[in-house]
Structure formats: structure tokens, C-alpha cells
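Listing of my_file28.tsv; format and content: TSV, C-alpha atoms.
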chain	number	residue	atom	x	y	z
A	1	MET	CA	-23.27	7.24	-12.30
A	2	PHE	CA	-23.45	10.98	-11.68
A	3	GLY	CA	-21.94	11.69	-15.09
A	4	ILE	CA	-18.61	10.08	-14.27
A	5	PRO	CA	-17.54	7.45	-16.79
A	6	ASN	CA	-16.52	4.11	-15.29
A	7	VAL	CA	-13.58	3.49	-17.59
A	8	GLY	CA	-9.89	3.11	-17.06
A	9	VAL	CA	-6.66	1.67	-18.29
A	10	ASP	CA	-4.11	-1.03	-17.68
A	11	VAL	CA	-1.58	1.17	-15.88
A	12	CYS	CA	2.02	0.40	-16.82
A	13	GLY	CA	0.75	-0.97	-20.11
A	14	PHE	CA	-0.38	-4.43	-21.03
A	15	PHE	CA	2.13	-5.44	-23.69
A	16	HIS	CA	5.91	-5.31	-23.24
A	17	ASP	CA	8.00	-4.25	-20.27
A	18	THR	CA	8.32	-0.76	-18.84
A	19	THR	CA	10.71	0.93	-16.43
A	20	GLU	CA	10.01	1.28	-12.70
A	21	GLU	CA	10.09	5.07	-13.05
A	22	LEU	CA	7.59	5.18	-15.90
A	23	CYS	CA	5.31	2.67	-14.19
A	24	THR	CA	5.35	4.80	-11.03
A	25	ARG	CA	4.43	7.90	-13.01
A	26	TRP	CA	1.58	6.04	-14.73
A	27	MET	CA	0.29	4.83	-11.34
A	28	GLN	CA	0.36	8.43	-10.10
A	29	LEU	CA	-1.81	9.41	-13.06
A	30	GLY	CA	-4.00	6.32	-12.72
A	31	ALA	CA	-4.98	7.32	-9.17
A	32	PHE	CA	-7.19	9.99	-10.78
A	33	TYR	CA	-9.06	7.57	-13.07
A	34	PRO	CA	-12.36	6.04	-11.90
A	35	PHE	CA	-10.84	2.63	-12.63
A	36	MET	CA	-7.26	1.51	-13.11
A	37	ARG	CA	-5.20	-1.59	-12.62
A	38	ASN	CA	-1.50	-2.37	-12.76
A	39	HIS	CA	-1.48	-5.12	-15.32
A	40	ASN	CA	0.77	-6.77	-17.86
A	41	ALA	CA	0.68	-9.61	-20.34
A	42	ALA	CA	1.81	-13.17	-19.72
A	43	GLY	CA	5.53	-13.49	-20.34
A	44	ASP	CA	6.34	-9.85	-19.56
A	45	LYS	CA	8.51	-8.93	-16.59
A	46	VAL	CA	6.64	-9.33	-13.29
A	47	ARG	CA	6.20	-6.10	-11.34
A	48	SER	CA	6.68	-6.39	-7.57
A	49	ARG	CA	7.76	-4.02	-4.78
A	50	PHE	CA	10.05	-6.72	-3.71
A	51	PRO	CA	11.36	-7.64	-7.19
A	52	ASN	CA	14.27	-9.75	-5.89
A	53	ASP	CA	12.11	-11.97	-3.67
A	54	ASN	CA	10.75	-14.84	-5.77
A	55	LYS	CA	8.26	-15.75	-3.02
A	56	THR	CA	6.28	-12.59	-3.83
A	57	LEU	CA	5.76	-13.37	-7.51
A	58	GLY	CA	2.63	-15.53	-7.15
A	59	ILE	CA	0.93	-13.52	-4.41
A	60	ASP	CA	-2.43	-12.14	-5.49
A	61	GLN	CA	-4.28	-11.77	-2.19
A	62	GLN	CA	-2.02	-9.23	-0.49
A	63	PHE	CA	-0.94	-5.77	-1.59
A	64	LEU	CA	1.24	-2.82	-0.69
A	65	ILE	CA	0.07	0.75	-0.34
A	66	GLY	CA	3.16	2.59	-1.42
A	67	ARG	CA	6.30	1.03	0.04
A	68	ALA	CA	5.27	1.20	3.69
A	69	ILE	CA	1.89	-0.46	4.26
A	70	LEU	CA	1.22	-4.17	3.66
A	71	VAL	CA	-2.42	-5.31	3.62
A	72	SER	CA	-3.20	-9.01	4.08
A	73	PRO	CA	-6.99	-9.44	3.97
A	74	ASN	CA	-8.85	-12.63	4.79
A	75	LEU	CA	-10.72	-13.44	1.57
A	76	VAL	CA	-11.94	-16.94	2.52
A	77	SER	CA	-15.42	-17.36	3.99
A	78	GLN	CA	-15.84	-19.13	7.34
A	79	THR	CA	-12.15	-18.82	8.31
A	80	THR	CA	-10.39	-16.82	11.00
A	81	THR	CA	-6.81	-16.97	9.73
A	82	VAL	CA	-5.06	-15.73	6.63
A	83	HIS	CA	-1.99	-17.39	5.13
A	84	ALA	CA	0.20	-14.38	4.37
A	85	TYR	CA	3.75	-13.62	3.32
A	86	ILE	CA	5.72	-11.05	5.30
A	87	PRO	CA	8.70	-9.96	3.17
A	88	GLN	CA	12.20	-9.88	4.60
A	89	ASP	CA	12.43	-6.50	6.38
A	90	VAL	CA	11.34	-4.91	9.64
A	91	TRP	CA	7.53	-4.90	9.97
A	92	TYR	CA	5.12	-3.84	12.71
A	93	GLU	CA	1.46	-4.67	13.25
A	94	PHE	CA	-0.43	-1.46	12.49
A	95	SER	CA	-3.07	-1.89	15.20
A	96	SER	CA	-0.73	-2.81	18.08
A	97	GLY	CA	2.72	-1.57	17.06
A	98	VAL	CA	4.17	-4.98	17.89
A	99	LYS	CA	7.25	-5.89	15.84
A	100	VAL	CA	6.69	-8.92	13.59
A	101	LYS	CA	9.04	-11.74	14.50
A	102	VAL	CA	8.38	-14.13	11.59
A	103	ILE	CA	9.58	-12.58	8.30
A	104	GLY	CA	10.62	-13.88	4.90
A	105	VAL	CA	8.18	-16.80	5.08
A	106	PHE	CA	4.47	-17.50	4.77
A	107	THR	CA	2.70	-17.52	8.13
A	108	ASP	CA	-0.85	-17.81	9.43
A	109	LEU	CA	-2.18	-14.54	10.85
A	110	ASP	CA	-5.17	-14.20	13.13
A	111	ALA	CA	-8.02	-12.76	11.05
A	112	PRO	CA	-11.39	-12.73	12.78
A	113	LEU	CA	-14.25	-10.91	11.08
A	114	GLU	CA	-13.55	-7.62	12.88
A	115	LYS	CA	-9.86	-7.49	11.89
A	116	ILE	CA	-7.91	-6.87	8.70
A	117	ASN	CA	-4.18	-7.47	8.89
A	118	VAL	CA	-2.21	-4.33	8.14
A	119	HIS	CA	1.55	-4.08	8.68
A	120	VAL	CA	3.83	-1.06	8.57
A	121	ARG	CA	7.32	-1.39	7.15
A	122	GLY	CA	10.21	-0.20	9.28
A	123	GLY	CA	11.95	2.96	8.14
A	124	PHE	CA	8.80	4.97	7.43
A	125	ILE	CA	6.83	7.72	9.15
A	126	ILE	CA	3.13	7.76	8.33
A	127	PRO	CA	1.15	10.91	9.12
A	128	MET	CA	-2.42	10.19	10.20
A	129	GLN	CA	-5.42	12.38	10.92
A	130	ILE	CA	-8.97	11.68	12.00
A	131	PRO	CA	-11.13	12.79	9.06
A	132	GLY	CA	-13.94	15.28	9.33
A	133	SER	CA	-17.21	15.29	7.45
A	134	ASN	CA	-15.69	17.92	5.14
A	135	LEU	CA	-12.34	19.63	4.49
A	136	MET	CA	-13.08	22.60	6.75
A	137	ILE	CA	-13.82	20.38	9.74
A	138	GLY	CA	-11.20	17.73	8.97
A	139	ARG	CA	-8.22	20.05	8.60
A	140	GLY	CA	-8.75	21.27	12.16
A	141	ASN	CA	-8.19	17.79	13.57
A	142	PRO	CA	-4.75	17.06	15.03
A	143	PHE	CA	-2.18	14.86	13.31
A	144	THR	CA	-0.45	11.86	14.77
A	145	LEU	CA	2.75	10.40	13.39
A	146	LEU	CA	3.24	6.66	13.22
A	147	VAL	CA	7.00	6.10	13.36
A	148	ALA	CA	8.18	2.63	12.36
A	149	GLN	CA	11.91	2.30	12.97
A	150	SER	CA	14.12	0.43	10.54
A	151	ALA	CA	16.80	-2.01	11.64
A	152	SER	CA	19.17	0.97	11.88
A	153	GLU	CA	16.55	2.83	13.99
A	154	ASN	CA	15.86	5.42	11.27
A	155	ALA	CA	12.59	6.48	9.67
A	156	THR	CA	11.49	9.05	7.07
A	157	GLY	CA	8.18	10.24	5.71
A	158	ASN	CA	6.43	12.90	3.67
A	159	LEU	CA	3.34	15.02	4.22
A	160	PHE	CA	1.59	17.21	1.70
A	161	TRP	CA	-0.58	19.77	3.47
A	162	ASP	CA	-3.33	21.46	1.47
A	163	ASP	CA	-4.70	24.36	3.49
A	164	GLY	CA	-7.85	24.38	1.40
A	165	ASP	CA	-7.62	28.11	0.67
A	166	THR	CA	-4.58	29.14	-1.33
A	167	ILE	CA	-4.05	28.37	-4.99
A	168	GLY	CA	-0.68	27.81	-6.63
A	169	GLU	CA	1.48	28.59	-3.62
As C-alpha cells, how would this structure be written, given the file I've shared?
Amino acid sequence: MFGIPNVGVDVCGFFHDTTEELCTRWMQLGAFYPFMRNHNAAGDKVRSRFPNDNKTLGIDQQFLIGRAILVSPNLVSQTTTVHAYIPQDVWYEFSSGVKVKVIGVFTDLDAPLEKINVHVRGGFIIPMQIPGSNLMIGRGNPFTLLVAQSASENATGNLFWDDGDTIGE
């Protein structure tokens, strides 16, 4: 459509294992493809954000955005709960900011039609901004910072600000 090819690649390769660093770099590149997937062949090393937690290895209906945001969608028709795994760490409900008490196990989360379960991992700061209908309008909107404290009450984050005008500075 619109002259854009709908093709892509198996990011991180399909055959044989790769390193975490190289896989990360390939995912960075893959974000610019119309289609990409992180995929590997049967028998190769499983790639997980929580590589030392065996409970995460079979999960295919939840995903992480980066290291800080866990999405647990309800993919089953006519149900209002989702059976989700919350990895061992500090997590907060995105919509309410409430700290998750049940971690390291599968649990049933409330998931009515108007809600998708999103959790924020402790130790991260997530910059957010209400979008505009275009860059000129959107960049004038204020930022908010979502601060999710870790167990040690620390948090870090990054923000790349493109002013929309300058080139190469």
C-alpha cells in the first residue's frame, strides 16, 4: 500500500544463537521495517527479558516494551480475566499506580473489554506526552514523568527530544 513494501525479516536471525547485544541492535534496526519479528528456530537458545526465569519461557500472550512495560492483553473472547505472569520484581499497574502484590507467579487479572493490563517495572522513569495531530502541535504539549520506584527507591529513564527543526545537532 502507498508504495511501501510489506516485507521484513526474522530479527535476531532464525538459525543459530546470537548475543544479547547483537539481537538488541537488530531489533533497533527492525523497528524501521514495515514488518519484523524476533524469531528463532526450534532448539536454539530461547530469548527472554527474564532469561533466568523458566516460567517465562512458554509465555506467548504477554510481551515487554523495552525493559519497563509489561503488556498482558486478554485474547480470549467472552472472558473478563486474563491469566498472566508477573515476573519477580517491583511492578505497578500503569492505570492506577498501585503496586502489584502478587509477583513471580501466574495470576488472574481483571480484564473487561475496556481495559488492557499494562504494568510498569520499578526502577524506571517513563516520559509521556499527549500527542498532537502533527509534530508542530504535539511538541507544544507538556510532558509528564511516570516514576516507578525500585525496591531500593531508585528510578532512571531516558528521553530523546527532537525539536523538529534542527538537523545534525
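Between A:Ala151 and the residues A:Gln88, A:Gln129, A:Gln62, A:Thr79, the shortest atom-to-atom distance, using all atoms listed in the file, involves A:Gln88.
Residues surrounding stretch 109-114 of chain A within 10 Å are Ser72, Pro73, Asn74, Leu75, Ser77, Gln78, Thr79, Thr80, Thr81, Val82, His83, Ala84, Tyr85, Phe106 and Asn117 of chain A [all atoms listed in the file; sequence separation below 3 positions excluded].
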*asked:* Between A:Ser96, A:Val90, A:Gly168, A:Ala68, which residue has the minimum interatomic distance to A:Pro127, considering all atoms listed in the file?
replied: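 Closest to A:Pro127, using all atoms listed in the file: A:Ala68.
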Set the distance at 9 Å and use all atoms listed in the file: which residues neighbour A:Asn158 once local chain neighbours fewer than 2 positions away are removed? I'd like the list as a JSON list (two decimals) with C-alpha atoms, in the coordinates of the input.
[["chain", "number", "residue", "atom", "x", "y", "z"],
["A", 125, "ILE", "CA", 6.83, 7.72, 9.15],
["A", 126, "ILE", "CA", 3.13, 7.76, 8.33],
["A", 127, "PRO", "CA", 1.15, 10.91, 9.12],
["A", 156, "THR", "CA", 11.49, 9.05, 7.07],
["A", 160, "PHE", "CA", 1.59, 17.21, 1.70]]
Need to verify the contact set: A:Leu146, 12 Å, all atoms listed in the file, exclusion of same-chain residues closer than 2 positions in sequence. Can you return it as a JSON list (two decimals) with C-alpha atoms, in the coordinates of the input?
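Just written: out.json:
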[["chain", "number", "residue", "atom", "x", "y", "z"],
["A", 68, "ALA", "CA", 5.27, 1.20, 3.69],
["A", 69, "ILE", "CA", 1.89, -0.46, 4.26],
["A", 92, "TYR", "CA", 5.12, -3.84, 12.71],
["A", 93, "GLU", "CA", 1.46, -4.67, 13.25],
["A", 94, "PHE", "CA", -0.43, -1.46, 12.49],
["A", 95, "SER", "CA", -3.07, -1.89, 15.20],
["A", 96, "SER", "CA", -0.73, -2.81, 18.08],
["A", 97, "GLY", "CA", 2.72, -1.57, 17.06],
["A", 119, "HIS", "CA", 1.55, -4.08, 8.68],
["A", 120, "VAL", "CA", 3.83, -1.06, 8.57],
["A", 121, "ARG", "CA", 7.32, -1.39, 7.15],
["A", 122, "GLY", "CA", 10.21, -0.20, 9.28],
["A", 123, "GLY", "CA", 11.95, 2.96, 8.14],
["A", 124, "PHE", "CA", 8.80, 4.97, 7.43],
["A", 125, "ILE", "CA", 6.83, 7.72, 9.15],
["A", 126, "ILE", "CA", 3.13, 7.76, 8.33],
["A", 127, "PRO", "CA", 1.15, 10.91, 9.12],
["A", 128, "MET", "CA", -2.42, 10.19, 10.20],
["A", 129, "GLN", "CA", -5.42, 12.38, 10.92],
["A", 143, "PHE", "CA", -2.18, 14.86, 13.31],
["A", 144, "THR", "CA", -0.45, 11.86, 14.77],
["A", 148, "ALA", "CA", 8.18, 2.63, 12.36],
["A", 149, "GLN", "CA", 11.91, 2.30, 12.97],
["A", 155, "ALA", "CA", 12.59, 6.48, 9.67],
["A", 156, "THR", "CA", 11.49, 9.05, 7.07],
["A", 157, "GLY", "CA", 8.18, 10.24, 5.71],
["A", 158, "ASN", "CA", 6.43, 12.90, 3.67]]
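Interatomic distance, atom CA of A:Val105 to atom CA of A:Pro87: 7.1 Å.
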*Which of these, A:Ser133, A:Ser152, A:Gln61, A:Thr24, has the shortest distance to A:Arg49 once you count only C-alpha atoms?*
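Counting only C-alpha atoms, the residue closest to A:Arg49 is A:Thr24.
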*Calculate how many Å separate atom CA of A:Lys101 from atom CA of A:Ile116, rounding to one decimal.*
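Pair atom CA of A:Lys101 / atom CA of A:Ile116 returns 18.6 Å.
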*How many Å separate atom CA of A:Asn154 from atom CA of A:Val100?*
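Between atom CA of A:Asn154 and atom CA of A:Val100 the gap works out to 17.2 Å.
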Pick out the residues sitting within 9 Å of A:Met36, and hand them over as a tab-separated table (two decimals) with C-alpha atoms, in the coordinates of the input; count all atoms listed in the file, and ignore anything fewer than 5 positions along from it in its own chain.
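Wrote it out as around_39.tsv, contents follow:
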chain	number	residue	atom	x	y	z
A	7	VAL	CA	-13.58	3.49	-17.59
A	8	GLY	CA	-9.89	3.11	-17.06
A	9	VAL	CA	-6.66	1.67	-18.29
A	10	ASP	CA	-4.11	-1.03	-17.68
A	11	VAL	CA	-1.58	1.17	-15.88
A	27	MET	CA	0.29	4.83	-11.34
A	30	GLY	CA	-4.00	6.32	-12.72
A	31	ALA	CA	-4.98	7.32	-9.17
